[in-house]
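Just my_file-v1.cif here, mmCIF, C-alpha atoms:
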```cif
data_model
loop_
_atom_site.label_atom_id
_atom_site.label_comp_id
_atom_site.auth_asym_id
_atom_site.auth_seq_id
_atom_site.Cartn_x
_atom_site.Cartn_y
_atom_site.Cartn_z
CA MET U 1070 14.73 -28.00 -70.48
CA LYS U 1071 17.59 -25.95 -69.08
CA LYS U 1072 18.34 -25.84 -65.38
CA SER U 1073 17.45 -22.12 -65.28
CA ASP U 1074 14.06 -22.92 -66.82
CA ASN U 1075 13.45 -25.51 -64.11
CA CYS U 1076 14.26 -22.90 -61.47
CA ASN U 1077 11.90 -20.40 -63.06
CA GLU U 1078 9.11 -23.00 -63.16
CA PHE U 1079 9.72 -23.81 -59.49
CA MET U 1080 9.54 -20.15 -58.54
CA LYS U 1081 6.16 -19.86 -60.28
CA VAL U 1082 4.60 -22.58 -58.10
CA LYS U 1083 2.42 -20.91 -55.50
CA LYS U 1084 3.10 -21.80 -51.89
CA ASN U 1085 0.25 -23.13 -49.76
CA ILE U 1086 -0.72 -20.82 -46.88
CA LEU U 1087 -3.16 -21.86 -44.15
CA PHE U 1088 -4.91 -19.11 -42.17
CA ILE U 1089 -6.46 -20.12 -38.84
CA SER U 1090 -8.86 -17.68 -37.18
CA PRO U 1091 -11.24 -18.58 -34.32
CA GLY U 1092 -13.86 -16.14 -35.66
CA PRO U 1093 -16.74 -15.87 -35.82
CA THR U 1094 -16.16 -14.54 -39.33
CA ILE U 1095 -18.78 -11.97 -40.34
CA ARG U 1096 -20.13 -11.87 -43.91
CA PRO U 1097 -17.45 -14.07 -45.55
CA HIS U 1098 -19.15 -13.68 -48.95
CA SER U 1099 -18.74 -9.89 -48.91
CA ASP U 1100 -16.13 -8.05 -50.93
CA LEU U 1101 -14.94 -6.49 -47.67
CA TYR U 1102 -13.81 -9.92 -46.47
CA GLN U 1103 -12.73 -11.42 -49.77
CA SER U 1104 -10.81 -8.59 -51.44
CA ARG U 1105 -7.47 -9.08 -49.66
CA LEU U 1106 -7.56 -12.86 -50.23
CA LYS U 1107 -8.16 -12.32 -53.93
CA GLU U 1108 -5.25 -9.88 -54.03
CA LEU U 1109 -3.08 -12.34 -52.10
CA SER U 1110 -3.99 -15.05 -54.63
CA LYS U 1111 -1.61 -13.37 -57.09
CA SER U 1112 1.26 -14.86 -55.08
CA PHE U 1113 -0.15 -17.66 -52.93
CA LYS U 1114 -2.89 -20.25 -52.61
CA GLY U 1115 -4.26 -22.06 -49.60
CA TYR U 1116 -7.02 -22.39 -47.03
CA ILE U 1117 -8.87 -20.49 -44.33
CA PHE U 1118 -10.06 -22.44 -41.28
CA THR U 1119 -12.49 -20.43 -39.18
CA THR U 1120 -15.94 -20.34 -37.55
CA SER U 1121 -19.02 -18.57 -38.83
CA SER U 1122 -22.81 -18.56 -38.45
CA ILE U 1123 -23.02 -21.65 -40.67
CA LYS U 1124 -20.80 -24.52 -41.78
CA GLU U 1125 -19.69 -24.00 -45.37
CA ALA U 1126 -16.82 -24.25 -47.84
CA PHE U 1127 -16.26 -22.20 -51.00
CA PRO U 1128 -13.40 -20.70 -53.05
CA ILE U 1129 -12.06 -17.16 -52.68
CA GLY U 1130 -9.52 -16.57 -55.42
CA ASP U 1131 -6.95 -19.36 -55.04
CA PHE U 1132 -7.95 -19.95 -51.42
CA THR U 1133 -10.61 -22.27 -50.01
CA TYR U 1134 -12.70 -20.95 -47.14
CA GLN U 1135 -13.83 -23.61 -44.65
CA SER U 1136 -15.88 -22.83 -41.57
CA MET U 1137 -17.53 -24.73 -38.77
CA GLU U 1138 -20.66 -23.36 -37.11
CA PHE U 1139 -19.82 -21.00 -34.26
CA SER U 1140 -21.26 -21.71 -30.82
CA ASN U 1141 -20.99 -20.15 -27.38
CA SER U 1142 -20.21 -23.54 -25.88
CA LYS U 1143 -17.56 -23.62 -23.16
CA ILE U 1144 -15.70 -26.22 -25.21
CA ARG U 1145 -15.85 -24.27 -28.50
CA ILE U 1146 -12.05 -23.96 -28.60
CA LEU U 1147 -11.70 -27.74 -28.34
CA LYS U 1148 -14.27 -28.17 -31.11
CA PHE U 1149 -12.35 -25.73 -33.30
CA LEU U 1150 -9.08 -27.53 -32.50
CA PHE U 1151 -10.54 -30.84 -33.70
CA PHE U 1152 -12.02 -29.11 -36.78
CA CYS U 1153 -8.61 -27.72 -37.76
CA ILE U 1154 -6.73 -30.98 -37.05
CA TRP U 1155 -9.26 -33.07 -38.98
CA ASN U 1156 -9.17 -30.81 -42.04
CA ALA U 1157 -5.37 -30.58 -41.91
CA LEU U 1158 -5.16 -34.39 -41.85
CA LYS U 1159 -7.53 -34.63 -44.81
CA LEU U 1160 -5.17 -32.41 -46.81
CA LEU U 1161 -2.27 -34.75 -46.02
CA ILE U 1162 -4.32 -37.79 -47.00
CA LYS U 1163 -5.00 -36.11 -50.35
CA GLY U 1164 -1.27 -35.54 -50.72
CA GLU U 1165 -1.46 -31.76 -50.26
CA LYS U 1166 1.08 -30.20 -47.92
CA ILE U 1167 0.80 -26.77 -46.32
CA ASP U 1168 3.95 -24.64 -46.62
CA LEU U 1169 3.11 -22.09 -43.92
CA VAL U 1170 0.54 -21.89 -41.10
CA THR U 1171 -0.43 -18.44 -39.85
CA THR U 1172 -2.89 -17.57 -37.07
CA TYR U 1173 -4.97 -14.61 -35.94
CA ASP U 1174 -3.25 -14.44 -32.56
CA PRO U 1175 -0.57 -16.18 -30.45
CA LEU U 1176 -3.18 -17.45 -27.98
CA SER U 1177 -5.86 -20.09 -28.66
CA SER U 1178 -5.55 -19.98 -32.46
CA GLY U 1179 -1.76 -19.83 -32.01
CA VAL U 1180 -1.75 -23.13 -30.10
CA ILE U 1181 -4.00 -24.69 -32.75
CA GLY U 1182 -1.77 -23.37 -35.53
CA LEU U 1183 1.30 -24.75 -33.82
CA VAL U 1184 -0.30 -28.20 -33.61
CA VAL U 1185 -1.28 -28.09 -37.30
CA SER U 1186 2.21 -26.94 -38.30
CA TYR U 1187 3.65 -30.01 -36.52
CA ILE U 1188 1.19 -32.27 -38.34
CA HIS U 1189 2.34 -30.86 -41.70
CA ARG U 1190 5.98 -30.51 -40.61
CA THR U 1191 5.89 -26.94 -41.84
CA LYS U 1192 6.60 -23.35 -40.81
CA PHE U 1193 4.50 -21.33 -38.42
CA ALA U 1194 3.96 -17.56 -38.22
CA PRO U 1195 1.34 -16.13 -35.84
CA GLN U 1196 0.02 -12.57 -35.95
CA VAL U 1197 -0.09 -10.45 -32.80
CA ASN U 1198 -3.18 -8.23 -32.98
CA GLY U 1199 -3.38 -7.09 -29.37
CA VAL U 1200 -1.32 -5.85 -26.44
CA TYR U 1201 -2.10 -8.91 -24.36
CA THR U 1202 0.50 -8.22 -21.66
CA SER U 1203 -0.63 -4.65 -20.91
CA PRO U 1204 -2.24 -4.22 -17.44
CA SER U 1205 -4.86 -2.02 -19.13
CA GLU U 1206 -6.15 -5.04 -21.06
CA TRP U 1207 -7.72 -6.26 -17.83
CA VAL U 1208 -9.29 -3.13 -16.30
CA ASP U 1209 -12.80 -4.18 -17.33
CA ASN U 1210 -14.20 -6.91 -15.05
CA ALA U 1211 -10.86 -6.96 -13.24
CA VAL U 1212 -12.17 -8.92 -10.24
CA ALA U 1213 -13.86 -11.66 -12.28
CA MET U 1214 -12.26 -15.10 -11.92
CA GLU U 1215 -12.16 -15.56 -15.71
CA THR U 1216 -10.22 -12.30 -16.08
CA LYS U 1217 -7.73 -13.32 -13.38
CA LEU U 1218 -7.16 -16.68 -15.07
CA LYS U 1219 -6.58 -15.08 -18.48
CA LYS U 1220 -4.20 -12.54 -16.97
CA ALA U 1221 -2.14 -15.38 -15.50
CA ILE U 1222 -2.33 -17.85 -18.39
CA TYR U 1223 -2.03 -15.64 -21.49
CA PRO U 1224 1.66 -14.75 -20.98
CA LEU U 1225 2.51 -18.46 -20.57
CA ILE U 1226 0.68 -19.39 -23.76
CA MET U 1227 2.30 -16.52 -25.68
CA HIS U 1228 5.75 -17.49 -24.44
CA PHE U 1229 5.25 -21.07 -25.66
CA VAL U 1230 3.74 -20.14 -29.03
CA LEU U 1231 6.20 -17.35 -29.87
CA LYS U 1232 9.15 -19.53 -28.87
CA HIS U 1233 8.15 -22.12 -31.48
CA ALA U 1234 7.30 -19.64 -34.25
CA ASP U 1235 9.40 -19.12 -37.38
CA GLY U 1236 8.06 -15.63 -37.99
CA ILE U 1237 5.82 -13.09 -36.24
CA THR U 1238 3.85 -10.10 -37.51
CA LEU U 1239 3.30 -7.14 -35.19
CA LEU U 1240 1.33 -3.92 -35.43
CA PHE U 1241 4.06 -1.82 -33.78
CA LYS U 1242 7.60 -2.20 -32.50
CA GLY U 1243 7.82 -3.18 -28.87
CA GLN U 1244 4.46 -4.97 -28.92
CA ILE U 1245 5.96 -8.19 -27.53
CA ASP U 1246 9.00 -6.82 -25.69
CA PRO U 1247 8.29 -8.99 -22.60
CA PHE U 1248 9.24 -11.99 -24.77
CA LYS U 1249 12.51 -10.62 -26.16
CA LYS U 1250 14.54 -13.62 -25.02
CA VAL U 1251 12.52 -16.15 -27.04
CA ILE U 1252 12.07 -14.13 -30.26
CA GLN U 1253 15.65 -13.14 -31.01
CA ASP U 1254 16.02 -15.62 -33.88
CA LYS U 1255 12.57 -15.01 -35.40
CA ILE U 1256 11.68 -13.14 -38.57
CA ILE U 1257 9.63 -10.21 -37.24
CA HIS U 1258 7.86 -7.64 -39.40
CA ASN U 1259 5.61 -4.89 -38.11
CA PHE U 1260 3.00 -3.22 -40.30
CA HIS U 1261 -0.60 -2.05 -40.07
CA SER U 1262 -3.41 -4.59 -40.31
CA PHE U 1263 -5.85 -4.50 -43.20
CA VAL U 1264 -8.63 -1.90 -42.99
CA SER U 1265 -11.05 -1.48 -45.88
CA ILE U 1266 -11.19 2.29 -46.46
CA GLU U 1267 -12.82 2.51 -49.90
CA ASP U 1268 -16.28 3.45 -48.55
CA PHE U 1269 -15.09 6.17 -46.16
CA ARG U 1270 -15.31 9.82 -47.23
CA ASN U 1271 -16.02 13.25 -45.77
CA ILE U 1272 -19.80 13.63 -46.00
CA SER U 1273 -20.44 16.62 -43.74
CA GLU U 1274 -19.31 18.18 -40.48
CA ASP U 1275 -21.91 17.96 -37.75
CA LYS U 1276 -20.78 19.59 -34.54
CA GLU U 1277 -20.26 16.22 -33.02
CA ILE U 1278 -17.37 14.37 -31.38
CA LEU U 1279 -17.53 10.67 -32.12
CA PHE U 1280 -16.24 7.70 -30.15
CA VAL U 1281 -16.63 4.15 -31.49
CA GLY U 1282 -15.80 0.96 -29.61
CA PHE U 1283 -15.88 -1.06 -26.39
CA PRO U 1284 -15.14 -2.12 -23.65
CA PHE U 1285 -15.73 0.88 -21.43
CA LYS U 1286 -12.52 1.29 -19.41
CA ARG U 1287 -9.90 -0.16 -21.75
CA LYS U 1288 -11.15 2.15 -24.49
CA GLY U 1289 -11.05 5.10 -22.07
CA VAL U 1290 -14.69 6.14 -22.49
CA ASP U 1291 -14.70 7.43 -18.91
CA ILE U 1292 -11.70 9.66 -19.70
CA LEU U 1293 -13.40 11.09 -22.80
CA ILE U 1294 -16.65 11.84 -20.96
CA GLU U 1295 -14.75 13.56 -18.15
CA ALA U 1296 -12.74 15.63 -20.63
CA PHE U 1297 -15.79 16.66 -22.67
CA LYS U 1298 -17.67 17.76 -19.56
CA LYS U 1299 -14.83 20.17 -18.74
CA ILE U 1300 -15.31 22.14 -21.98
CA ALA U 1301 -18.95 21.43 -22.88
CA PRO U 1302 -20.28 24.69 -21.33
CA LYS U 1303 -18.04 26.63 -23.73
CA TYR U 1304 -19.54 24.81 -26.74
CA PRO U 1305 -23.30 24.34 -26.07
CA GLU U 1306 -23.96 23.47 -29.74
CA TRP U 1307 -21.57 20.49 -29.72
CA LYS U 1308 -22.47 16.87 -28.86
CA LEU U 1309 -20.48 13.82 -27.79
CA LYS U 1310 -21.73 10.58 -29.36
CA ILE U 1311 -20.69 7.27 -27.76
CA LEU U 1312 -21.31 4.56 -30.34
CA GLY U 1313 -20.89 0.95 -29.31
CA TRP U 1314 -22.09 -2.13 -27.50
CA PHE U 1315 -21.92 -1.95 -23.71
CA PRO U 1316 -23.19 -5.12 -21.96
CA ASN U 1317 -23.29 -3.20 -18.68
CA PRO U 1318 -24.99 0.11 -19.59
CA GLU U 1319 -25.12 1.18 -15.95
CA GLU U 1320 -21.40 1.99 -16.02
CA LEU U 1321 -21.81 4.18 -19.09
CA ASN U 1322 -25.01 5.84 -17.88
CA LYS U 1323 -23.40 6.65 -14.54
CA ALA U 1324 -20.50 8.37 -16.31
CA ILE U 1325 -22.82 10.35 -18.60
CA ASP U 1326 -25.01 11.22 -15.59
CA GLY U 1327 -27.77 12.75 -17.71
CA HIS U 1328 -25.51 15.32 -19.39
CA PRO U 1329 -27.61 16.95 -22.15
CA GLN U 1330 -24.72 17.10 -24.64
CA ILE U 1331 -23.67 13.44 -24.34
CA TYR U 1332 -25.62 10.47 -25.66
CA HIS U 1333 -25.18 6.76 -26.34
CA HIS U 1334 -25.91 5.47 -29.84
CA LYS U 1335 -26.66 1.76 -30.11
CA PRO U 1336 -24.12 -0.34 -32.10
CA VAL U 1337 -24.49 -0.45 -35.88
CA LEU U 1338 -23.45 -2.82 -38.66
CA HIS U 1339 -20.04 -2.14 -40.13
CA GLN U 1340 -21.54 -1.07 -43.45
CA GLU U 1341 -23.22 1.81 -41.60
CA MET U 1342 -19.96 3.13 -40.15
CA PRO U 1343 -19.00 5.32 -43.17
CA GLU U 1344 -22.14 7.42 -42.52
CA HIS U 1345 -21.36 7.96 -38.82
CA ILE U 1346 -17.65 8.66 -39.27
CA GLY U 1347 -18.16 10.69 -42.44
CA SER U 1348 -20.58 13.05 -40.66
CA CYS U 1349 -18.72 13.77 -37.42
CA ALA U 1350 -16.38 16.71 -36.81
CA ILE U 1351 -13.78 14.94 -34.66
CA LEU U 1352 -13.08 11.30 -33.86
CA VAL U 1353 -11.49 10.42 -30.52
CA LEU U 1354 -9.91 7.15 -29.38
CA PRO U 1355 -8.83 7.64 -25.72
CA SER U 1356 -7.76 4.01 -25.10
CA ARG U 1357 -5.67 2.90 -22.15
CA SER U 1358 -4.35 0.09 -24.37
CA GLU U 1359 -4.60 -0.15 -28.17
CA ALA U 1360 -2.57 -2.10 -30.71
CA MET U 1361 -3.59 0.11 -33.65
CA GLY U 1362 -7.17 1.39 -33.70
CA ARG U 1363 -9.17 0.49 -36.83
CA VAL U 1364 -11.52 3.46 -36.43
CA LEU U 1365 -8.55 5.83 -36.55
CA VAL U 1366 -7.71 4.57 -40.04
CA GLU U 1367 -11.34 4.78 -41.16
CA ALA U 1368 -11.61 8.36 -39.87
CA MET U 1369 -8.31 9.18 -41.57
CA ALA U 1370 -9.72 7.99 -44.90
CA ALA U 1371 -12.83 10.13 -44.30
CA GLY U 1372 -10.67 13.23 -43.86
CA LYS U 1373 -11.57 13.67 -40.20
CA PRO U 1374 -9.24 15.14 -37.55
CA ARG U 1375 -8.46 12.56 -34.88
CA ILE U 1376 -7.36 12.61 -31.25
CA GLY U 1377 -5.82 9.53 -29.69
CA SER U 1378 -3.98 8.60 -26.52
CA ASN U 1379 -0.20 8.39 -26.85
CA VAL U 1380 -0.05 4.70 -26.04
CA ASP U 1381 1.01 1.43 -27.70
CA GLY U 1382 0.34 1.48 -31.47
CA ILE U 1383 -1.78 4.63 -31.72
CA PRO U 1384 1.24 6.89 -32.44
CA THR U 1385 1.92 4.79 -35.57
CA VAL U 1386 -1.50 5.81 -36.90
CA ILE U 1387 -1.53 9.44 -35.69
CA ASN U 1388 1.39 11.68 -36.56
CA ASN U 1389 1.02 14.25 -33.78
CA GLY U 1390 0.39 17.76 -35.06
CA VAL U 1391 0.45 16.60 -38.69
CA ASP U 1392 -2.62 14.43 -39.27
CA GLY U 1393 -4.05 14.31 -35.74
CA LEU U 1394 -3.35 15.03 -32.08
CA LEU U 1395 -2.06 12.83 -29.27
CA PHE U 1396 -2.76 13.34 -25.57
CA GLU U 1397 -1.17 11.92 -22.45
CA PRO U 1398 -2.86 8.58 -21.59
CA GLU U 1399 -5.55 8.78 -18.88
CA ASN U 1400 -5.10 12.58 -18.64
CA ALA U 1401 -8.58 14.10 -18.99
CA ASP U 1402 -7.20 17.65 -18.69
CA ASP U 1403 -4.82 17.12 -21.59
CA LEU U 1404 -7.59 15.55 -23.67
CA ALA U 1405 -9.89 18.49 -22.87
CA GLU U 1406 -7.17 20.85 -24.08
CA LYS U 1407 -6.81 18.93 -27.37
CA LEU U 1408 -10.58 18.90 -27.85
CA ASN U 1409 -10.68 22.65 -27.26
CA MET U 1410 -7.94 23.18 -29.87
CA LEU U 1411 -9.98 21.44 -32.56
CA MET U 1412 -13.47 22.56 -31.58
CA SER U 1413 -12.39 26.21 -31.64
CA ASN U 1414 -10.42 26.03 -34.89
CA PRO U 1415 -12.18 24.80 -38.08
CA ASP U 1416 -9.06 25.55 -40.14
CA LEU U 1417 -6.99 23.22 -37.98
CA ARG U 1418 -9.66 20.54 -38.28
CA ARG U 1419 -9.56 20.78 -42.07
CA LYS U 1420 -5.76 20.81 -42.16
CA LEU U 1421 -5.32 17.72 -40.00
CA GLY U 1422 -8.19 15.92 -41.71
CA LYS U 1423 -6.83 16.52 -45.20
CA ALA U 1424 -3.33 15.40 -44.22
CA GLY U 1425 -4.78 12.21 -42.77
CA GLU U 1426 -6.81 11.51 -45.90
CA ILE U 1427 -3.74 11.85 -48.13
CA ARG U 1428 -1.75 9.56 -45.84
CA ALA U 1429 -4.53 6.95 -45.74
CA ARG U 1430 -4.64 6.70 -49.54
CA GLN U 1431 -0.87 6.16 -49.59
CA GLU U 1432 -0.08 3.94 -46.59
CA PHE U 1433 -3.27 2.08 -45.71
CA THR U 1434 -4.40 0.65 -49.02
CA LYS U 1435 -5.23 -2.99 -49.60
CA GLU U 1436 -2.39 -3.21 -52.12
CA GLN U 1437 0.18 -1.93 -49.60
CA TYR U 1438 -1.05 -4.34 -46.96
CA VAL U 1439 -0.77 -7.31 -49.33
CA ARG U 1440 2.73 -6.20 -50.37
CA ASN U 1441 3.79 -6.14 -46.72
CA LEU U 1442 2.22 -9.53 -46.06
CA THR U 1443 3.69 -11.11 -49.21
CA ASN U 1444 7.15 -9.86 -48.32
CA PHE U 1445 6.82 -11.30 -44.82
CA TYR U 1446 5.60 -14.69 -46.02
CA ASN U 1447 8.40 -14.94 -48.56
CA LYS U 1448 11.00 -14.14 -45.89
CA VAL U 1449 9.65 -16.87 -43.60
CA LEU U 1450 9.37 -19.41 -46.40
CA GLU U 1451 12.96 -18.71 -47.52
CA LYS U 1452 14.38 -19.03 -43.99
#
```

Render the structure in this file as structure tokens.
Amino acid sequence: MKKSDNCNEFMKVKKNILFISPGPTIRPHSDLYQSRLKELSKSFKGYIFTTSSIKEAFPIGDFTYQSMEFSNSKIRILKFLFFCIWNALKLLIKGEKIDLVTTYDPLSSGVIGLVVSYIHRTKFAPQVNGVYTSPSEWVDNAVAMETKLKKAIYPLIMHFVLKHADGITLLFKGQIDPFKKVIQDKIIHNFHSFVSIEDFRNISEDKEILFVGFPFKRKGVDILIEAFKKIAPKYPEWKLKILGWFPNPEELNKAIDGHPQIYHHKPVLHQEMPEHIGSCAILVLPSRSEAMGRVLVEAMAAGKPRIGSNVDGIPTVINNGVDGLLFEPENADDLAEKLNMLMSNPDLRRKLGKAGEIRARQEFTKEQYVRNLTNFYNKVLEK
């Protein structure tokens, strides 16, 4: 066999990728969860270490899913650490080496991934899915001791994990600027995270403004309620629906204060979201801190006009004046003005919604996400 043939055969060998996510993973047997792994199997193979409602192991494409049973125990992170180390050691005993370890975040799973990468003497590339250094991350339960500890410890953990990474994926540029000094030699790519948009479409247009998410203050629910109250008398036929899980409903109920045009809808399963988003007139995400905003992408795919705060990664998902509107963060007057623009102008709603739908089908597909991820992995593996 010629040398060039040997090289070609080597290039065809799939690299082993290990994903580590603390979970709990919801519905791992669903196509929603499995589709991107099956697509990624065209280029790679590997393992997923995570937690779920039950302990199980099964194949997904060329990947093997392995989960331990999730618990609310105070030592659950230690249990997951031992689970990942034990399974990583078993792979070595079998003579199977991981080529790249990647983790859901640069925090607890990042530390675990770093340990596993040392065990396998391999490369390490954490994802950064949040804006963990933003002061707005801590506005809910700000006085709680647990919150204060996380606020102090998280930057130290991130500094350590990012310093020892070979590559890092971000959702937007500037997401980890506080750590510039330790990431200068890293391979850094920023692109949108995977959002399954196939089931989202424009069903109808109820005169309803929709918010989806929690927690209360970080997501800016108080700002949205204040803004809606300013213009509600002008639009008596419109409603504001707050959809989400709020462990302390008193805070939400106090903000609503019995307003007849505002109501709280209990949380729903993800498979029910296409109905809620597909039937609203406007979707709003008024977050004080937001790395991307999954619901913004889902609403985009459903052809809905969107309003978001001009903060962190939201401007990468909303092109202001083209496929949605941005307002000044924490400015209820500005948000009220943007709401008024859309509520009073059905043509503008249709224009922005259609532009968003076209963009979603071009930029936010599963195939585009996998291309971005494959390119990143190859860059790190070639380093």

message = Once the PyMOL selection byres ((chain U and resi 1315) around 8) is applied to the coordinates I shared, what remains selected? I want it as a PyMOL selection string.
response = chain U and resi 1283-1285+1313-1314+1316-1318+1321

File dump, residues just selected, C-alpha atoms, as an mmCIF file, in the coordinates of the input:
```
data_model
loop_
_atom_site.group_PDB
_atom_site.id
_atom_site.type_symbol
_atom_site.label_atom_id
_atom_site.label_comp_id
_atom_site.auth_asym_id
_atom_site.auth_seq_id
_atom_site.Cartn_x
_atom_site.Cartn_y
_atom_site.Cartn_z
ATOM 1 C CA PHE U 1283 -15.880 -1.060 -26.390
ATOM 2 C CA PRO U 1284 -15.140 -2.120 -23.650
ATOM 3 C CA PHE U 1285 -15.730 0.880 -21.430
ATOM 4 C CA GLY U 1313 -20.890 0.950 -29.310
ATOM 5 C CA TRP U 1314 -22.090 -2.130 -27.500
ATOM 6 C CA PRO U 1316 -23.190 -5.120 -21.960
ATOM 7 C CA ASN U 1317 -23.290 -3.200 -18.680
ATOM 8 C CA PRO U 1318 -24.990 0.110 -19.590
ATOM 9 C CA LEU U 1321 -21.810 4.180 -19.090
#
```

Contact table stretch 1285-1343 of chain U vs stretch 1347-1355 of chain U, cut-off 7 Å, shortest pair per residue, only C-alpha atoms, as a Markdown table:
```
| residue | atom | partner | partner_atom | distance |
| --- | --- | --- | --- | --- |
| U:Lys1288 | CA | U:Pro1355 | CA | 6.1 |
| U:Gly1289 | CA | U:Pro1355 | CA | 5.0 |
| U:Val1290 | CA | U:Pro1355 | CA | 6.9 |
| U:Ile1292 | CA | U:Pro1355 | CA | 7.0 |
| U:Leu1293 | CA | U:Pro1355 | CA | 6.4 |
| U:Pro1343 | CA | U:Gly1347 | CA | 5.5 |
```

task = May I have the residues within 8 Å of stretch 1114-1130 of chain U as a PyMOL selection string, using all atoms listed in the file and disregarding those fewer than 6 positions away in the same chain?
result = chain U and resi 1083-1095+1103+1106-1107+1136-1139+1149+1153+1167

Could you dump the residues just selected with C-alpha atoms as a short mmCIF file (atom, residue, chain, number, x, y, z; two decimals), in the frame of the given file?
```cif
data_model
loop_
_atom_site.label_atom_id
_atom_site.label_comp_id
_atom_site.auth_asym_id
_atom_site.auth_seq_id
_atom_site.Cartn_x
_atom_site.Cartn_y
_atom_site.Cartn_z
CA LYS U 1083 2.42 -20.91 -55.50
CA LYS U 1084 3.10 -21.80 -51.89
CA ASN U 1085 0.25 -23.13 -49.76
CA ILE U 1086 -0.72 -20.82 -46.88
CA LEU U 1087 -3.16 -21.86 -44.15
CA PHE U 1088 -4.91 -19.11 -42.17
CA ILE U 1089 -6.46 -20.12 -38.84
CA SER U 1090 -8.86 -17.68 -37.18
CA PRO U 1091 -11.24 -18.58 -34.32
CA GLY U 1092 -13.86 -16.14 -35.66
CA PRO U 1093 -16.74 -15.87 -35.82
CA THR U 1094 -16.16 -14.54 -39.33
CA ILE U 1095 -18.78 -11.97 -40.34
CA GLN U 1103 -12.73 -11.42 -49.77
CA LEU U 1106 -7.56 -12.86 -50.23
CA LYS U 1107 -8.16 -12.32 -53.93
CA SER U 1136 -15.88 -22.83 -41.57
CA MET U 1137 -17.53 -24.73 -38.77
CA GLU U 1138 -20.66 -23.36 -37.11
CA PHE U 1139 -19.82 -21.00 -34.26
CA PHE U 1149 -12.35 -25.73 -33.30
CA CYS U 1153 -8.61 -27.72 -37.76
CA ILE U 1167 0.80 -26.77 -46.32
#
```

Evaluate the PyMOL selection byres ((chain U and resi 1446) around 12) on the structure here and hand back the selected residues as an mmCIF file with C-alpha atoms, in the frame of the given file.
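Done, and the output landed in selection_0.cif:
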```
data_model
loop_
_atom_site.group_PDB
_atom_site.id
_atom_site.type_symbol
_atom_site.label_atom_id
_atom_site.label_comp_id
_atom_site.auth_asym_id
_atom_site.auth_seq_id
_atom_site.Cartn_x
_atom_site.Cartn_y
_atom_site.Cartn_z
ATOM 1 C CA LYS U 1083 2.420 -20.910 -55.500
ATOM 2 C CA LYS U 1084 3.100 -21.800 -51.890
ATOM 3 C CA ASN U 1085 0.250 -23.130 -49.760
ATOM 4 C CA ILE U 1086 -0.720 -20.820 -46.880
ATOM 5 C CA LEU U 1087 -3.160 -21.860 -44.150
ATOM 6 C CA LEU U 1109 -3.080 -12.340 -52.100
ATOM 7 C CA SER U 1112 1.260 -14.860 -55.080
ATOM 8 C CA PHE U 1113 -0.150 -17.660 -52.930
ATOM 9 C CA ASP U 1168 3.950 -24.640 -46.620
ATOM 10 C CA LEU U 1169 3.110 -22.090 -43.920
ATOM 11 C CA VAL U 1170 0.540 -21.890 -41.100
ATOM 12 C CA THR U 1171 -0.430 -18.440 -39.850
ATOM 13 C CA LYS U 1192 6.600 -23.350 -40.810
ATOM 14 C CA PHE U 1193 4.500 -21.330 -38.420
ATOM 15 C CA ALA U 1194 3.960 -17.560 -38.220
ATOM 16 C CA PRO U 1195 1.340 -16.130 -35.840
ATOM 17 C CA GLN U 1196 0.020 -12.570 -35.950
ATOM 18 C CA ASP U 1235 9.400 -19.120 -37.380
ATOM 19 C CA GLY U 1236 8.060 -15.630 -37.990
ATOM 20 C CA ILE U 1237 5.820 -13.090 -36.240
ATOM 21 C CA THR U 1238 3.850 -10.100 -37.510
ATOM 22 C CA ILE U 1256 11.680 -13.140 -38.570
ATOM 23 C CA ILE U 1257 9.630 -10.210 -37.240
ATOM 24 C CA HIS U 1258 7.860 -7.640 -39.400
ATOM 25 C CA VAL U 1439 -0.770 -7.310 -49.330
ATOM 26 C CA ARG U 1440 2.730 -6.200 -50.370
ATOM 27 C CA ASN U 1441 3.790 -6.140 -46.720
ATOM 28 C CA LEU U 1442 2.220 -9.530 -46.060
ATOM 29 C CA THR U 1443 3.690 -11.110 -49.210
ATOM 30 C CA ASN U 1444 7.150 -9.860 -48.320
ATOM 31 C CA PHE U 1445 6.820 -11.300 -44.820
ATOM 32 C CA ASN U 1447 8.400 -14.940 -48.560
ATOM 33 C CA LYS U 1448 11.000 -14.140 -45.890
ATOM 34 C CA VAL U 1449 9.650 -16.870 -43.600
ATOM 35 C CA LEU U 1450 9.370 -19.410 -46.400
ATOM 36 C CA GLU U 1451 12.960 -18.710 -47.520
ATOM 37 C CA LYS U 1452 14.380 -19.030 -43.990
#
```

request  = Could you give me, as a PyMOL selection string, the residues that have an atom at most 12 Å away from the point (-16.0, 20.6, -20.4) in the coordinates of the file, using all atoms listed in the file?
outcome  = chain U and resi 1292-1305+1307-1309+1328+1330-1331+1401-1409+1412

What would the selection look like, as a compact mmCIF listing (two decimals) with C-alpha atoms, in the frame of the given file, if the PyMOL selection byres ((chain U and resi 1385) around 9) were run on the coordinates I just shared?
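Below is the file that was written, out.txt:
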```txt
# COMPACT_ATOMS: atom_id res chain seq x y z
CA LEU U 1240 1.33 -3.92 -35.43
CA PHE U 1241 4.06 -1.82 -33.78
CA HIS U 1261 -0.60 -2.05 -40.07
CA MET U 1361 -3.59 0.11 -33.65
CA ASP U 1381 1.01 1.43 -27.70
CA GLY U 1382 0.34 1.48 -31.47
CA ILE U 1383 -1.78 4.63 -31.72
CA PRO U 1384 1.24 6.89 -32.44
CA VAL U 1386 -1.50 5.81 -36.90
CA ILE U 1387 -1.53 9.44 -35.69
CA ASN U 1388 1.39 11.68 -36.56
```

6 Å contact set for U:Gly1372, all atoms listed in the file, chain neighbours under 3 positions out, as a short mmCIF file (atom, residue, chain, number, x, y, z; two decimals) with C-alpha atoms, in the frame of the given file:
```cif
data_model
loop_
_atom_site.label_atom_id
_atom_site.label_comp_id
_atom_site.auth_asym_id
_atom_site.auth_seq_id
_atom_site.Cartn_x
_atom_site.Cartn_y
_atom_site.Cartn_z
CA ASN U 1271 -16.02 13.25 -45.77
CA MET U 1369 -8.31 9.18 -41.57
CA GLY U 1422 -8.19 15.92 -41.71
CA LYS U 1423 -6.83 16.52 -45.20
CA GLU U 1426 -6.81 11.51 -45.90
#
```
